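Take a look at the structure set out below.
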Amino acid sequence: MATQSQQTTATWRDIPTTVLTLGMVSLLMDISSELIHGLLPVFLATAMGASTVIIGLIEGVAEATAAITKVFSGVLSDRIGKRKLLVGLGYGLAAATKPVFPLASTAWQVLAARIVDRIGKGIREAPRDALIADITPPGIRGASYGLRQALDTAGAVAGPLLAVALMALYADNFRAVFWWSVVPAALAVALILIGVREPAANAQQQQRGWPIHRQELRRLSRAYWIVVAIGGVFALARFSEAFLVLKAQADGLPLSLIPLVYVLMNLVYAAVAMPAGVLSDRIGRTNLLICGLIVLAAADLILAFAPGLTGTAVGVALWGLYLGLTQGLLSALVADTAPLDLRGTAFGIFNLITGGALLVASLLAGWLWHAFGPQATFATGAVFSAATILMMLTALRTDTADRA
């Protein structure tokens, strides 16, 4: 498996301005989204009486919808060579859903809004990740994905903090708080229109037709499919973060402070993502991914067995450390192993597999919580983490033997 990017004389200071702009767009949209999502599980459980099974269904179906959409948007971006158009459309669609959340009166209306929001996420993510690969030298690819991920996660810190302040201002009125999500979402769309630049479509993109052909799928290397398989098992180990919120609530965290769960997780995530990307450019990706999985297993075990809010806080912080060590690196691995003219397709397929796995994981987590309690949910996550570590070690041994 390809775990090391090509060596160049470029440094992280050479990261293109468009990557920084895409990071700022992600920051603004995450402020908007996390302003809602930091409160949404508790809003569904308390204001609408939704069970953990329904919450798991909403989160899982939403993410699976995004994953399916990513395949089509990724392939389409390879065909037309207009990644910015699809990125803008995806962010615009997500922005248009924000007023639905304060107006919703049933859990099914929330599900519909989440699905449309995730369709927007699905439309934008594969073309955006492919665009970063298009414009970034291989030697700083990990740094570029790490920077975008760090800015995205900074928004995921600011959004819940804003939610806490607004919940205090509006006396725990969820709907009044949700209305504020419209402002940063609109700013994100405006920044795409003004600040994002993309290279001209290459000749292969202009000449190929639609849809993708079987022979093109065969051009995706064995190393790429190993990355896809690992990403799928990663997603099984990492179910929706909504269950972290529910765990904190079950341990007695006051309603107005619930968004601080996301703040803690994302502070660690944002602090680690950029350094992890830079380090992966120097020493390779796989070792850091294995370290991340070990951290996730530890987080799940602490969340399962450590009592009280102190144990939950440690588990949430470790969850953020896991995300920082892994999420940008998985994107970099896809870029490392995919052909230049099939990058959008490669990201789309990768996200389809991981999104489907996340749906299964979230449904399983919700059912386990409902039937056996939170301990069973997080203990099962630790088992999946251990299985992923074994899978990665096996893939590494096989790859080393093949090259010997």
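Ordered as shown in the structure tokens, chains take letters A, B, and onward, while each chain numbers its residues from 1 and ligands are numbered from 1 in the order shown.
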
Go through stretch 274-349 of chain A and flag each residue having an atom no more than 8 Å from stretch 105-129 of chain A; for those, report the closest pair of atoms plus their distance in Å to one decimal, using only C-alpha atoms, ordered by chain and rising number, as a Markdown table.
| residue | atom | partner | partner_atom | distance |
| --- | --- | --- | --- | --- |
| A:Ser331 | CA | A:Asp129 | CA | 7.3 |
| A:Gly344 | CA | A:Ala126 | CA | 5.5 |
| A:Thr345 | CA | A:Ala126 | CA | 7.7 |
| A:Phe347 | CA | A:Ala126 | CA | 5.1 |
| A:Gly348 | CA | A:Ala126 | CA | 5.5 |

How would the residues just chosen look if you wrote them out with N, CA and C atoms as a compact mmCIF listing (two decimals), in the first residue's frame?
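Contents of again.txt, freshly written:
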# COMPACT_ATOMS: atom_id res chain seq x y z
N SER A 331 -7.79 11.05 3.36
CA SER A 331 -7.95 11.79 2.10
C SER A 331 -6.64 11.84 1.32
N GLY A 344 -11.63 12.50 -8.72
CA GLY A 344 -12.99 12.74 -8.25
C GLY A 344 -13.74 11.43 -8.07
N THR A 345 -13.61 10.54 -9.04
CA THR A 345 -14.24 9.22 -8.96
C THR A 345 -13.72 8.45 -7.76
N PHE A 347 -12.38 9.57 -4.94
CA PHE A 347 -12.93 10.11 -3.69
C PHE A 347 -14.40 9.74 -3.54
N GLY A 348 -15.15 9.75 -4.64
CA GLY A 348 -16.56 9.40 -4.57
C GLY A 348 -16.78 7.98 -4.12

Which residues are near A:Leu260? Cut-off 12 Å, only C-alpha atoms, ignore same chain within fewer than 4 positions. Put them as a PyMOL selection string. chain A and resi 34-35+37-39+156-165+167+244-245+248-249+253-256+264-267+312-313+316-317

For A:Arg238, the nearest of the candidates A:Val278, A:Val196, A:Val177, A:Ala386, counting only C-alpha atoms: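 For A:Arg238, the nearest of the candidates is A:Ala386.
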
Please, what distance in Å, to one decimal, runs between atom CA of A:Arg343 and atom CA of A:Ala271? 27.7 Å

Write out as CSV a residue-level contact list of stretch 303-334 of chain A versus stretch 131-138 of chain A with cut-off 12 Å: for each qualifying residue the closest pair of atoms and the distance in Å to one decimal, counting only C-alpha atoms, rows sorted by chain and residue number upward.
residue,atom,partner,partner_atom,distance
A:Gly328,CA,A:Ile132,CA,11.8
A:Ser331,CA,A:Ala133,CA,9.4
A:Ala332,CA,A:Ala133,CA,8.3
A:Leu333,CA,A:Ala133,CA,10.8
A:Val334,CA,A:Ala133,CA,9.7
